[in-house]
Amino acid sequence: MQKLLRYKKEIALSLVLVFLLALVRVFEELFYDPFLAYFRSDYLKMPFPEYDFLKLFFSLFLRYALNSLISIAIIQVLFKDFGLSKFAGILYLVFFFILIVTFFSILNFSDQENNLLLFYVRRFLIQPLFLLLFVPAFFYQNKISKKITILK
């Protein structure tokens, strides 16, 4: 209990940041995304919706950027390591390029049988799923590096 009280500032800031991630999700209607209604319907039997490439790209970019910046802030608050936050930022940037190219490749060069793949690629673009992967991985890495330091 004393540990929790000692880290009350970090816990409060982390909760505020998680709340900001939730707000991005709550206000998802503000972003241009014709696939929002598409994936809420019976999308397995429907053709892809019409979309404006530039509007969709910038909307996905903005949402991904917001989620990424908030996620990097959470990582910084949890680990207090600028190098780790910088590394996470680089990973977010690399994954964005891979995911956005994959997303538009599926849309432009694929037929309807890949709409489930499109669903999951889009999910990684619009949700902070990488945070759920990075935090345990960084925690484990910190734990292992502390053990190695102790052994030296």
# chains A, B, ... in the order shown; residues from 1 in each chain; ligands from 1
$ residues_around --residues "Tyr92 in chain A" --least-positions-apart "2" --cutoff "10 Å" --atoms "only C-alpha atoms" --output "list in words"
Tyr64, Ala65, Asn67, Ser68, Leu69, Ser71, Ile72, Lys86, Phe87, Ala88, Gly89, Ile90, Val94, Phe95, Phe96, Phe97, Ile98, Phe130 and Leu131 of chain A
$ residues_around --residues "range 18-23 of chain A" --least-positions-apart "2" --cutoff "9 Å" --atoms "only C-alpha atoms" --output "PyMOL selection string"
chain A and resi 13-16+25-28+66-67+70-71+74+127-128
$ select_by_dssp --residues "chain A" --states "alpha helix (DSSP H)" --output "PyMOL selection string"
chain A and resi 2-6+8-26+35-40+53-79+82-109+115-126+129-151
$ write_last_selection --atoms "C-alpha atoms" --output "compact mmCIF listing (two decimals), in the first residue's frame"
# COMPACT_ATOMS: atom_id res chain seq x y z
CA GLN A 2 2.88 2.36 0.75
CA LYS A 3 4.28 1.72 -2.75
CA LEU A 4 0.97 2.82 -4.23
CA LEU A 5 1.02 6.01 -2.18
CA ARG A 6 4.63 6.67 -3.14
CA LYS A 8 0.38 8.31 -6.63
CA LYS A 9 1.52 11.01 -9.09
CA GLU A 10 2.54 8.42 -11.69
CA ILE A 11 -0.66 6.44 -11.15
CA ALA A 12 -2.82 9.56 -11.52
CA LEU A 13 -0.97 10.65 -14.66
CA SER A 14 -1.25 7.15 -16.14
CA LEU A 15 -4.99 7.10 -15.47
CA VAL A 16 -5.40 10.50 -17.14
CA LEU A 17 -3.48 9.24 -20.18
CA VAL A 18 -5.57 6.05 -20.36
CA PHE A 19 -8.67 8.27 -20.15
CA LEU A 20 -7.33 10.25 -23.13
CA LEU A 21 -6.97 7.00 -25.09
CA ALA A 22 -10.58 6.22 -24.22
CA LEU A 23 -11.64 9.68 -25.44
CA VAL A 24 -10.03 9.03 -28.82
CA ARG A 25 -12.19 5.92 -29.04
CA VAL A 26 -15.36 7.63 -27.77
CA PHE A 35 -15.08 1.53 -42.71
CA LEU A 36 -16.56 2.26 -39.29
CA ALA A 37 -20.10 1.55 -40.47
CA TYR A 38 -18.85 -1.11 -42.88
CA PHE A 39 -17.30 -3.27 -40.15
CA ARG A 40 -20.33 -2.80 -37.90
CA PHE A 53 -7.92 8.20 -50.31
CA LEU A 54 -6.40 11.40 -48.91
CA LYS A 55 -9.10 11.96 -46.29
CA LEU A 56 -8.86 8.36 -45.15
CA PHE A 57 -5.06 8.42 -45.06
CA PHE A 58 -4.89 11.62 -43.01
CA SER A 59 -7.67 10.49 -40.72
CA LEU A 60 -5.93 7.17 -40.02
CA PHE A 61 -2.64 9.02 -39.59
CA LEU A 62 -4.15 11.49 -37.12
CA ARG A 63 -5.82 8.80 -35.06
CA TYR A 64 -2.69 6.62 -35.07
CA ALA A 65 -0.55 9.63 -34.12
CA LEU A 66 -2.84 10.57 -31.23
CA ASN A 67 -2.89 7.01 -29.90
CA SER A 68 0.87 6.69 -30.37
CA LEU A 69 1.75 9.94 -28.62
CA ILE A 70 -0.48 9.12 -25.66
CA SER A 71 0.94 5.58 -25.56
CA ILE A 72 4.52 6.88 -25.60
CA ALA A 73 3.62 9.25 -22.76
CA ILE A 74 2.27 6.27 -20.79
CA ILE A 75 5.50 4.37 -21.44
CA GLN A 76 7.52 7.39 -20.27
CA VAL A 77 5.46 7.71 -17.09
CA LEU A 78 5.72 3.99 -16.32
CA PHE A 79 9.41 3.48 -17.08
CA PHE A 82 13.65 8.58 -22.42
CA GLY A 83 15.67 6.08 -24.46
CA LEU A 84 12.89 3.52 -24.11
CA SER A 85 10.27 6.10 -25.08
CA LYS A 86 12.35 7.08 -28.10
CA PHE A 87 12.67 3.42 -29.09
CA ALA A 88 8.89 3.00 -28.75
CA GLY A 89 8.40 6.07 -30.94
CA ILE A 90 10.61 4.58 -33.64
CA LEU A 91 8.69 1.30 -33.43
CA TYR A 92 5.38 3.17 -33.75
CA LEU A 93 6.70 4.99 -36.84
CA VAL A 94 7.96 1.79 -38.50
CA PHE A 95 4.73 -0.07 -37.73
CA PHE A 96 2.68 2.82 -39.11
CA PHE A 97 4.42 2.62 -42.47
CA ILE A 98 4.05 -1.15 -42.62
CA LEU A 99 0.38 -1.06 -41.60
CA ILE A 100 -0.68 1.85 -43.82
CA VAL A 101 0.98 0.32 -46.89
CA THR A 102 -0.64 -3.02 -46.07
CA PHE A 103 -4.04 -1.39 -45.49
CA PHE A 104 -4.12 0.45 -48.82
CA SER A 105 -2.59 -2.51 -50.67
CA ILE A 106 -5.43 -4.72 -49.46
CA LEU A 107 -7.95 -2.07 -50.50
CA ASN A 108 -6.50 -1.52 -53.95
CA PHE A 109 -5.09 -4.89 -54.97
CA ASN A 115 -11.85 -8.14 -45.74
CA LEU A 116 -11.06 -9.91 -42.47
CA LEU A 117 -7.37 -9.13 -42.96
CA LEU A 118 -8.33 -5.53 -43.68
CA PHE A 119 -10.35 -5.51 -40.45
CA TYR A 120 -7.33 -6.52 -38.35
CA VAL A 121 -4.85 -4.23 -40.09
CA ARG A 122 -7.26 -1.33 -39.59
CA ARG A 123 -7.69 -2.34 -35.95
CA PHE A 124 -3.94 -1.91 -35.36
CA LEU A 125 -4.08 1.49 -37.03
CA ILE A 126 -6.99 2.88 -35.02
CA LEU A 129 -2.94 -2.27 -29.36
CA PHE A 130 0.83 -1.83 -29.50
CA LEU A 131 0.72 -0.36 -25.99
CA LEU A 132 -0.66 -3.67 -24.76
CA LEU A 133 2.33 -5.41 -26.36
CA PHE A 134 5.05 -2.90 -25.49
CA VAL A 135 4.40 -2.40 -21.77
CA PRO A 136 4.79 -6.08 -20.80
CA ALA A 137 7.75 -6.45 -23.17
CA PHE A 138 9.53 -3.39 -21.74
CA PHE A 139 8.73 -4.47 -18.20
CA TYR A 140 10.22 -7.89 -18.89
CA GLN A 141 13.27 -6.32 -20.54
CA ASN A 142 13.82 -4.06 -17.52
CA LYS A 143 13.47 -7.01 -15.15
CA ILE A 144 15.97 -9.10 -17.13
CA SER A 145 18.47 -6.24 -17.41
CA LYS A 146 18.28 -5.65 -13.63
CA LYS A 147 19.00 -9.36 -13.04
CA ILE A 148 22.01 -9.19 -15.36
CA THR A 149 23.28 -6.08 -13.56
CA ILE A 150 22.96 -7.81 -10.20
CA LEU A 151 24.88 -10.85 -11.48
$ atom_distance --atom1 "CA of Asp33 in chain A" --atom2 "CA of Pro47 in chain A"
15.4 Å
$ atom_distance --atom1 "CA of Glu113 in chain A" --atom2 "CA of Met46 in chain A"
10.2 Å
